[in-house]
>>> print(open('data_28.cif').read())   # mmCIF, C-alpha atoms and all ligand atoms
data_upload
loop_
_atom_site.label_atom_id
_atom_site.label_comp_id
_atom_site.auth_asym_id
_atom_site.auth_seq_id
_atom_site.Cartn_x
_atom_site.Cartn_y
_atom_site.Cartn_z
CA MET A 1498 12.13 54.60 -9.58
CA LYS A 1499 8.96 53.89 -11.56
CA ARG A 1500 11.06 52.09 -14.16
CA LEU A 1501 12.74 50.00 -11.43
CA LEU A 1502 9.38 49.01 -9.91
CA LEU A 1503 8.07 48.11 -13.36
CA SER A 1504 11.13 45.89 -14.00
CA VAL A 1505 10.66 44.09 -10.69
CA PHE A 1506 6.97 43.55 -11.49
CA VAL A 1507 7.69 42.18 -14.99
CA PHE A 1508 10.45 39.90 -13.64
CA SER A 1509 8.07 38.50 -10.97
CA ILE A 1510 5.38 37.77 -13.55
CA LEU A 1511 7.88 36.04 -15.85
CA SER A 1512 9.17 33.91 -12.95
CA LEU A 1513 5.65 32.83 -12.08
CA ILE A 1514 4.91 31.86 -15.69
CA ALA A 1515 8.16 29.90 -15.91
CA CYS A 1516 7.33 28.04 -12.70
CA ASN A 1517 3.81 27.14 -13.79
CA SER A 1518 4.95 25.97 -17.20
CA CYS A 1519 7.51 23.67 -15.53
CA GLU A 1520 4.70 22.10 -13.58
CA ALA A 1521 2.47 21.88 -16.63
CA LYS A 1522 5.13 20.10 -18.65
CA GLY A 1523 5.81 17.76 -15.77
CA VAL A 1524 9.16 18.03 -14.15
CA LYS A 1525 10.50 14.89 -12.62
CA SER A 1526 11.64 15.57 -9.11
CA LYS A 1527 13.84 13.22 -7.19
CA ARG A 1528 14.51 13.31 -3.53
CA LYS A 1529 16.92 11.08 -1.74
CA LEU A 1530 16.29 10.26 1.85
CA ALA A 1531 19.28 9.61 4.03
CA LYS A 1532 20.15 6.20 5.39
CA ARG A 1533 18.53 5.57 8.72
CA VAL A 1534 17.29 2.89 11.06
CA LYS A 1535 14.12 3.50 13.02
CA VAL A 1536 11.58 1.33 14.80
CA ASP A 1537 8.07 2.68 15.10
CA ARG A 1538 6.87 0.86 18.21
CA THR A 1539 3.29 2.06 17.94
CA ARG A 1540 2.77 0.21 14.67
CA GLY A 1541 5.56 -2.35 14.82
CA GLU A 1542 6.87 -1.07 11.52
CA THR A 1543 10.58 -1.26 10.95
CA VAL A 1544 12.52 1.02 8.70
CA VAL A 1545 15.58 -0.66 7.36
CA ASN A 1546 18.70 1.20 6.30
CA ASP A 1547 18.09 1.26 2.58
CA SER A 1548 18.94 4.37 0.65
CA VAL A 1549 15.57 5.64 -0.54
CA THR A 1550 14.86 7.25 -3.86
CA VAL A 1551 11.34 8.50 -4.41
CA VAL A 1552 10.63 9.62 -7.93
CA ALA A 1553 7.65 11.90 -8.18
CA ASP A 1554 6.41 11.95 -11.75
CA ASP A 1555 4.14 14.94 -12.16
CA ASN A 1556 3.36 14.06 -15.79
CA ILE A 1557 0.45 11.99 -14.61
CA THR A 1558 -2.95 13.58 -14.51
CA PRO A 1559 -5.41 11.39 -12.65
CA LYS A 1560 -8.55 10.75 -14.70
CA ASN A 1561 -10.75 11.35 -11.71
CA ILE A 1562 -10.24 11.94 -8.03
CA PRO A 1563 -11.88 9.70 -5.40
CA HIS A 1564 -11.23 12.25 -2.63
CA GLU A 1565 -9.04 15.30 -2.17
CA GLY A 1566 -5.43 14.13 -1.85
CA PHE A 1567 -6.22 10.62 -3.15
CA VAL A 1568 -6.01 8.93 -6.55
CA TYR A 1569 -7.00 5.72 -8.25
CA VAL A 1570 -3.79 3.67 -8.40
CA LYS A 1571 -4.58 2.44 -11.92
CA ASP A 1572 -4.25 6.04 -13.19
CA TYR A 1573 -0.60 5.92 -12.05
CA ILE A 1574 0.20 2.28 -12.79
CA PRO A 1575 -2.10 1.16 -15.65
CA ASP A 1576 -0.98 -2.48 -15.68
CA ILE A 1577 -1.55 -3.05 -11.97
CA ILE A 1578 -3.83 -5.98 -11.11
CA GLU A 1579 -6.61 -5.15 -8.68
CA ASP A 1580 -8.12 -7.89 -6.52
CA LEU A 1581 -9.62 -5.99 -3.60
CA ARG A 1582 -10.58 -8.88 -1.36
CA TYR A 1583 -12.81 -6.84 0.96
CA ASN A 1584 -14.95 -6.02 -2.05
CA THR A 1585 -15.61 -9.78 -2.36
CA THR A 1586 -16.55 -12.72 -0.14
CA ASN A 1587 -13.02 -14.14 -0.57
CA ASN A 1588 -11.65 -12.80 2.71
CA PHE A 1589 -11.39 -13.80 6.38
CA MET A 1590 -15.00 -12.74 7.09
CA GLY A 1591 -16.48 -14.49 4.06
CA GLU A 1592 -18.53 -11.37 3.28
CA ARG A 1593 -18.05 -8.06 1.53
CA ALA A 1594 -16.88 -5.30 3.90
CA ASP A 1595 -18.86 -2.09 4.43
CA GLY A 1596 -17.59 0.81 2.33
CA TYR A 1597 -16.33 -1.30 -0.59
CA GLU A 1598 -18.44 -0.65 -3.68
CA ALA A 1599 -15.88 -1.29 -6.44
CA ASN A 1600 -12.73 -3.24 -7.25
CA ARG A 1601 -10.60 -0.09 -7.34
CA ALA A 1602 -7.43 0.54 -5.37
CA ILE A 1603 -7.19 4.05 -3.92
CA LEU A 1604 -4.11 5.61 -2.32
CA THR A 1605 -2.85 9.06 -1.38
CA VAL A 1606 -1.07 10.82 -4.24
CA GLU A 1607 2.26 10.41 -2.43
CA ALA A 1608 1.82 6.66 -1.89
CA ALA A 1609 0.71 6.11 -5.50
CA LYS A 1610 3.78 7.95 -6.80
CA ALA A 1611 6.13 5.92 -4.60
CA LEU A 1612 4.38 2.68 -5.62
CA LYS A 1613 4.88 3.59 -9.27
CA GLY A 1614 8.63 3.57 -8.68
CA ALA A 1615 8.40 0.13 -7.08
CA ALA A 1616 6.20 -1.13 -9.95
CA GLU A 1617 8.78 -0.01 -12.50
CA GLU A 1618 11.59 -1.81 -10.71
CA LEU A 1619 9.50 -4.96 -10.29
CA ARG A 1620 8.54 -4.84 -13.98
CA ARG A 1621 12.23 -4.82 -14.93
CA LYS A 1622 12.57 -7.99 -12.85
CA GLY A 1623 9.62 -9.58 -14.70
CA TYR A 1624 6.78 -8.95 -12.26
CA VAL A 1625 3.59 -6.93 -12.04
CA ILE A 1626 1.96 -5.79 -8.79
CA LYS A 1627 -1.34 -7.24 -7.62
CA ILE A 1628 -3.21 -5.23 -4.97
CA TYR A 1629 -5.33 -6.94 -2.32
CA ASP A 1630 -6.15 -3.79 -0.40
CA ALA A 1631 -5.07 -0.14 -0.26
CA TYR A 1632 -7.11 2.72 1.26
CA ARG A 1633 -9.67 1.14 3.58
CA PRO A 1634 -12.68 3.16 4.81
CA GLN A 1635 -13.17 3.34 8.60
CA GLN A 1636 -16.62 1.78 8.12
CA ALA A 1637 -14.91 -1.40 6.83
CA VAL A 1638 -12.70 -1.50 9.93
CA ASP A 1639 -15.82 -1.05 12.09
CA HIS A 1640 -17.32 -4.01 10.19
CA PHE A 1641 -14.24 -6.14 11.01
CA VAL A 1642 -14.63 -5.29 14.71
CA ARG A 1643 -18.35 -6.20 14.68
CA TRP A 1644 -17.52 -9.44 12.90
CA SER A 1645 -14.79 -10.30 15.44
CA GLN A 1646 -17.41 -10.15 18.20
CA SER A 1647 -19.86 -12.41 16.36
CA SER A 1648 -19.96 -16.21 16.35
CA ASP A 1649 -19.53 -16.60 12.56
CA GLU A 1650 -16.53 -18.84 11.83
CA ARG A 1651 -17.22 -19.87 8.23
CA MET A 1652 -13.68 -18.93 7.07
CA LYS A 1653 -11.77 -20.34 10.06
CA ALA A 1654 -10.14 -23.26 8.22
CA GLU A 1655 -8.66 -21.01 5.57
CA TYR A 1656 -7.69 -17.93 7.58
CA TYR A 1657 -7.19 -18.72 11.29
CA PRO A 1658 -7.12 -22.51 11.79
CA THR A 1659 -4.89 -22.41 14.87
CA LEU A 1660 -6.41 -19.37 16.58
CA THR A 1661 -9.62 -18.79 18.44
CA LYS A 1662 -11.76 -16.13 16.87
CA LYS A 1663 -11.80 -14.16 20.14
CA SER A 1664 -8.01 -13.84 20.05
CA LEU A 1665 -8.07 -12.07 16.66
CA PHE A 1666 -9.29 -8.80 18.16
CA GLY A 1667 -6.37 -6.89 19.57
CA GLY A 1668 -3.72 -8.90 17.73
CA TYR A 1669 -4.94 -8.95 14.14
CA ILE A 1670 -8.04 -6.79 14.20
CA ALA A 1671 -8.17 -3.35 15.84
CA ARG A 1672 -10.56 -0.39 15.94
CA LYS A 1673 -8.22 1.63 13.75
CA SER A 1674 -6.19 0.55 10.74
CA GLY A 1675 -3.27 2.28 9.06
CA HIS A 1676 -5.03 1.49 5.78
CA SER A 1677 -7.64 4.18 6.59
CA ARG A 1678 -4.87 6.79 6.48
CA GLY A 1679 -4.58 6.04 2.77
CA SER A 1680 -0.86 5.29 2.39
CA THR A 1681 -0.84 1.57 3.23
CA ILE A 1682 -1.10 -1.26 0.74
CA ASP A 1683 -1.53 -5.04 0.84
CA MET A 1684 0.00 -6.62 -2.25
CA THR A 1685 1.83 -9.41 -3.95
CA ILE A 1686 3.45 -9.82 -7.36
CA CYS A 1687 2.53 -11.83 -10.47
CA HIS A 1688 4.74 -13.09 -13.29
CA LEU A 1689 4.55 -10.56 -16.14
CA ALA A 1690 4.56 -13.29 -18.77
CA THR A 1691 1.70 -15.39 -17.39
CA GLY A 1692 -0.17 -13.20 -14.90
CA GLN A 1693 0.21 -16.03 -12.38
CA GLU A 1694 0.75 -15.04 -8.76
CA VAL A 1695 4.25 -15.65 -7.48
CA ASP A 1696 4.18 -18.44 -4.90
CA MET A 1697 4.78 -16.75 -1.53
CA GLY A 1698 4.07 -19.96 0.39
CA GLY A 1699 0.92 -18.68 2.01
CA HIS A 1700 -2.01 -16.47 1.22
CA PHE A 1701 -3.05 -12.90 2.01
CA ASP A 1702 -4.60 -12.35 5.44
CA PHE A 1703 -3.63 -15.75 6.85
CA PHE A 1704 -3.54 -15.09 10.61
CA GLY A 1705 -0.48 -16.87 11.96
CA THR A 1706 3.30 -17.05 12.09
CA ALA A 1707 3.43 -18.52 8.57
CA SER A 1708 2.69 -14.98 7.32
CA HIS A 1709 5.85 -13.58 8.90
CA PRO A 1710 8.14 -12.64 6.00
CA SER A 1711 11.05 -14.63 7.43
CA PHE A 1712 9.06 -17.81 8.27
CA VAL A 1713 10.19 -21.09 6.71
CA GLY A 1714 8.58 -24.42 7.56
CA ASN A 1715 5.30 -26.27 7.78
CA TYR A 1716 2.03 -24.76 8.90
CA PRO A 1717 -1.57 -26.06 8.86
CA LEU A 1718 -2.19 -25.13 5.20
CA GLY A 1719 1.14 -26.30 3.75
CA THR A 1720 4.80 -25.33 3.69
CA VAL A 1721 6.67 -22.07 3.30
CA THR A 1722 9.90 -22.91 1.49
CA ALA A 1723 13.23 -21.08 1.40
CA GLU A 1724 12.36 -20.02 -2.16
CA ASN A 1725 9.03 -18.55 -0.95
CA LYS A 1726 10.90 -16.62 1.74
CA LYS A 1727 13.37 -15.35 -0.85
CA MET A 1728 10.49 -13.90 -2.89
CA ARG A 1729 8.87 -12.31 0.18
CA LEU A 1730 12.17 -10.66 1.06
CA MET A 1731 12.74 -9.52 -2.53
CA LEU A 1732 9.34 -7.78 -2.48
CA GLN A 1733 10.18 -6.19 0.88
CA HIS A 1734 13.54 -4.99 -0.41
CA VAL A 1735 12.01 -3.29 -3.45
CA MET A 1736 9.21 -1.66 -1.44
CA ARG A 1737 11.64 -0.35 1.19
CA LYS A 1738 13.86 1.03 -1.50
CA HIS A 1739 10.92 3.03 -2.84
CA GLY A 1740 9.90 4.59 0.45
CA PHE A 1741 7.70 2.01 2.21
CA ASN A 1742 8.01 0.34 5.61
CA SER A 1743 7.31 -3.34 6.03
CA ILE A 1744 6.07 -5.10 9.15
CA LYS A 1745 7.31 -8.27 10.80
CA ASN A 1746 4.08 -10.26 10.80
CA GLU A 1747 2.57 -9.80 7.30
CA TRP A 1748 4.65 -10.22 4.15
CA TRP A 1749 2.05 -8.39 2.01
CA HIS A 1750 1.65 -5.16 4.07
CA PHE A 1751 3.55 -1.91 3.39
CA THR A 1752 3.12 1.70 4.61
CA LEU A 1753 4.62 4.79 3.03
CA ARG A 1754 7.37 6.01 5.35
CA ASN A 1755 6.50 9.71 5.09
CA GLU A 1756 2.74 9.29 4.82
CA PRO A 1757 0.88 12.60 4.33
CA TYR A 1758 -1.92 11.94 6.86
CA PRO A 1759 -0.22 10.12 9.77
CA ARG A 1760 -3.05 10.81 12.22
CA LYS A 1761 -6.11 11.07 10.02
CA PHE A 1762 -8.50 8.16 9.40
CA PHE A 1763 -10.76 8.55 6.37
CA ASN A 1764 -14.19 7.07 5.78
CA PHE A 1765 -15.22 7.85 2.19
CA PRO A 1766 -16.33 4.71 0.32
CA VAL A 1767 -14.29 2.86 -2.31
CA LYS A 1768 -16.22 3.29 -5.54
ZN ZN A 1801 -2.53 -4.45 5.43
#
>>> encode(input="data_28.cif", output="C-alpha cells", more="lines below")
Ligand SMILES: [Zn+2]
Amino acid sequence: MKRLLLSVFVFSILSLIACNSCEAKGVKSKRKLAKRVKVDRTRGETVVNDSVTVVADDNITPKNIPHEGFVYVKDYIPDIIEDLRYNTTNNFMGERADGYEANRAILTVEAAKALKGAAEELRRKGYVIKIYDAYRPQQAVDHFVRWSQSSDERMKAEYYPTLTKKSLFGGYIARKSGHSRGSTIDMTICHLATGQEVDMGGHFDFFGTASHPSFVGNYPLGTVTAENKKMRLMLQHVMRKHGFNSIKNEWWHFTLRNEPYPRKFFNFPVK
C-alpha cells in the first residue's frame, strides 16, 4: 500500500513538472471557434460567419506589465506603429485626453494575442498595423463627455462638419466606452515598404456616414472610392478572422469577440 501511494505521489509530481515545462517552453495552442452569426444589439457589433482561428503564442514574455491582465502591444507585435491620438492634440477635441501620458498601446493579453495573428496575416499581404487607440482609461471618456458639453468647436471642420456638437453626445460620445474594457482597438494599416498609411478614404474619428465601412461617395472632406471601401473591407475580414467584431459605423474600430472583461471598465493611466 505504501509503495502504491508513493508511486501515485511520484507520478503526480512528474506530471506537474511536465506541465510547467510545457508552459515554460511555450506551447502554441490553437482553438477554433465554430461558425456563427450573432448581433450584439447593445453595442451594435456584428459577428460575421467567418471561421475563427485564434493562435495563442505563449512564447512571448511581456517586458513589463501596465496592469494585471494587460500588456503593451509592442511587446507582442514589435513592428506595430503607435499613433495614440488621444495622447496628442490631433483628435476631435484638439487637446490631449485625461489619462494619456505616453504613446503606448495597451490591450488585454487575450486581445494582444489575437491581434498578433491579424498582424501576421496583414504582414504577409504587405501591410503593418497602425494603432490610433486601444485601452482607454475611464478618465479619458469622462473628459470626452465634459468636452461634449462645452462650447469649444475648434476641430469641427475636420471631425464633425455636418453635425452639431450637441448631437455628438449619445450617438458618438457616451459615458462608457468599450475601449475601457481593454479589448477594443482603433487601427488602420500602412504599406510595409513605405510606412505610408493605406488610403481608406477618410480619417480616424470622422463623425459621419463617410466612416461607415461600406460607404462609397462624396462627403464634406472628399470622396470615398470603391478602392477605399475594398481596403476597409479587407481589414475587417482579417480582423474578424482573428477573433474581432467590427461595427457598422466606424471602419477602424474592432472588439475582441470573447473579451475577458465584458463588464469591467478600467481607469489606470496609459503610461
Ligand atoms: Zn474605437
>>> residues_around(input="data_28.cif", residues="Asp1630 of chain A", least_positions_apart="2", cutoff="6 Å", atoms="only C-alpha atoms", output="list in words")
Leu1581, Ile1628, Ile1682 and Asp1683 of chain A
>>> closest_residue(input="data_28.cif", among="A:Ala1690, A:Ala1671, A:Ile1578, A:Met1590", to="ligand ZN 1801 (chain A)", atoms="all atoms listed in the file")
A:Ala1671
>>> residues_around(input="data_28.cif", residues="Asp1696 of chain A", least_positions_apart="2", cutoff="10 Å", atoms="only C-alpha atoms", output="PDB file with C-alpha atoms, in the frame of the given file")
ATOM      1  CA  THR A1685       1.830  -9.410  -3.950  1.00  0.00           C
ATOM      2  CA  ILE A1686       3.450  -9.820  -7.360  1.00  0.00           C
ATOM      3  CA  CYS A1687       2.530 -11.830 -10.470  1.00  0.00           C
ATOM      4  CA  HIS A1688       4.740 -13.090 -13.290  1.00  0.00           C
ATOM      5  CA  GLN A1693       0.210 -16.030 -12.380  1.00  0.00           C
ATOM      6  CA  GLU A1694       0.750 -15.040  -8.760  1.00  0.00           C
ATOM      7  CA  GLY A1698       4.070 -19.960   0.390  1.00  0.00           C
ATOM      8  CA  GLY A1699       0.920 -18.680   2.010  1.00  0.00           C
ATOM      9  CA  HIS A1700      -2.010 -16.470   1.220  1.00  0.00           C
ATOM     10  CA  VAL A1721       6.670 -22.070   3.300  1.00  0.00           C
ATOM     11  CA  THR A1722       9.900 -22.910   1.490  1.00  0.00           C
ATOM     12  CA  GLU A1724      12.360 -20.020  -2.160  1.00  0.00           C
ATOM     13  CA  ASN A1725       9.030 -18.550  -0.950  1.00  0.00           C
ATOM     14  CA  LYS A1726      10.900 -16.620   1.740  1.00  0.00           C
ATOM     15  CA  MET A1728      10.490 -13.900  -2.890  1.00  0.00           C
ATOM     16  CA  ARG A1729       8.870 -12.310   0.180  1.00  0.00           C
TER      17      ARG A1729
END
>>> residues_near_ligand(input="data_28.cif", ligand="ligand ZN 1801 (chain A)", cutoff="8 Å", atoms="all atoms listed in the file", output="list in words")
Asp1630, Ala1631, Gly1675, His1676, Thr1681, Ile1682, Asp1683, Glu1747, Trp1749, His1750 and Phe1751 of chain A
>>> residues_around(input="data_28.cif", residues="Leu1753 of chain A", least_positions_apart="6", cutoff="6 Å", atoms="all atoms listed in the file", output="ChimeraX atom specification")
/A:1608,1680,1740-1741
>>> residues_near_point(input="data_28.cif", point="(-10.2, 2.1, 14.8)", cutoff="12 Å", atoms="all atoms listed in the file", output="ChimeraX atom specification")
/A:1633-1643,1666-1667,1670-1678,1760-1764
>>> closest_atom_pairs(input="data_28.cif", of="segment 1581-1640 of chain A", to="segment 1568-1571 of chain A", cutoff="7 Å", atoms="all atoms listed in the file", output="tab-separated table")
residue	atom	partner	partner_atom	distance
A:Arg1601	CA	A:Tyr1569	CA	6.9
A:Ala1602	CA	A:Val1570	CA	5.7
A:Ile1603	CA	A:Tyr1569	CA	4.6
A:Leu1604	CA	A:Val1568	CA	5.7
A:Thr1605	CA	A:Val1568	CA	6.1
A:Val1606	CA	A:Val1568	CA	5.8
A:Ala1609	CA	A:Val1570	CA	5.9
>>> atom_distance(input="data_28.cif", atom1="atom CA of Arg1582 of chain A", atom2="atom CA of Met1697 of chain A")
17.3 Å
>>> residues_near_point(input="data_28.cif", point="(11.4, -19.2, 9.0)", cutoff="12 Å", atoms="only C-alpha atoms", output="PyMOL selection string")
chain A and resi 1698+1706-1716+1720-1727+1729-1730+1745-1746
>>> closest_residue(input="data_28.cif", among="A:Lys1622, A:Lys1627, A:Lys1610, A:His1564", to="Asp1580 of chain A", atoms="only C-alpha atoms")
A:Lys1627
>>> atom_distance(input="data_28.cif", atom1="atom CA of Asn1742 of chain A", atom2="atom CA of Arg1754 of chain A")
5.7 Å
>>> closest_residue(input="data_28.cif", among="A:Ile1577, A:Arg1651, A:Pro1759, A:Thr1691", to="Ala1616 of chain A", atoms="only C-alpha atoms")
A:Ile1577
>>> atom_distance(input="data_28.cif", atom1="atom CA of Asp1595 of chain A", atom2="atom CA of Trp1748 of chain A")
24.9 Å
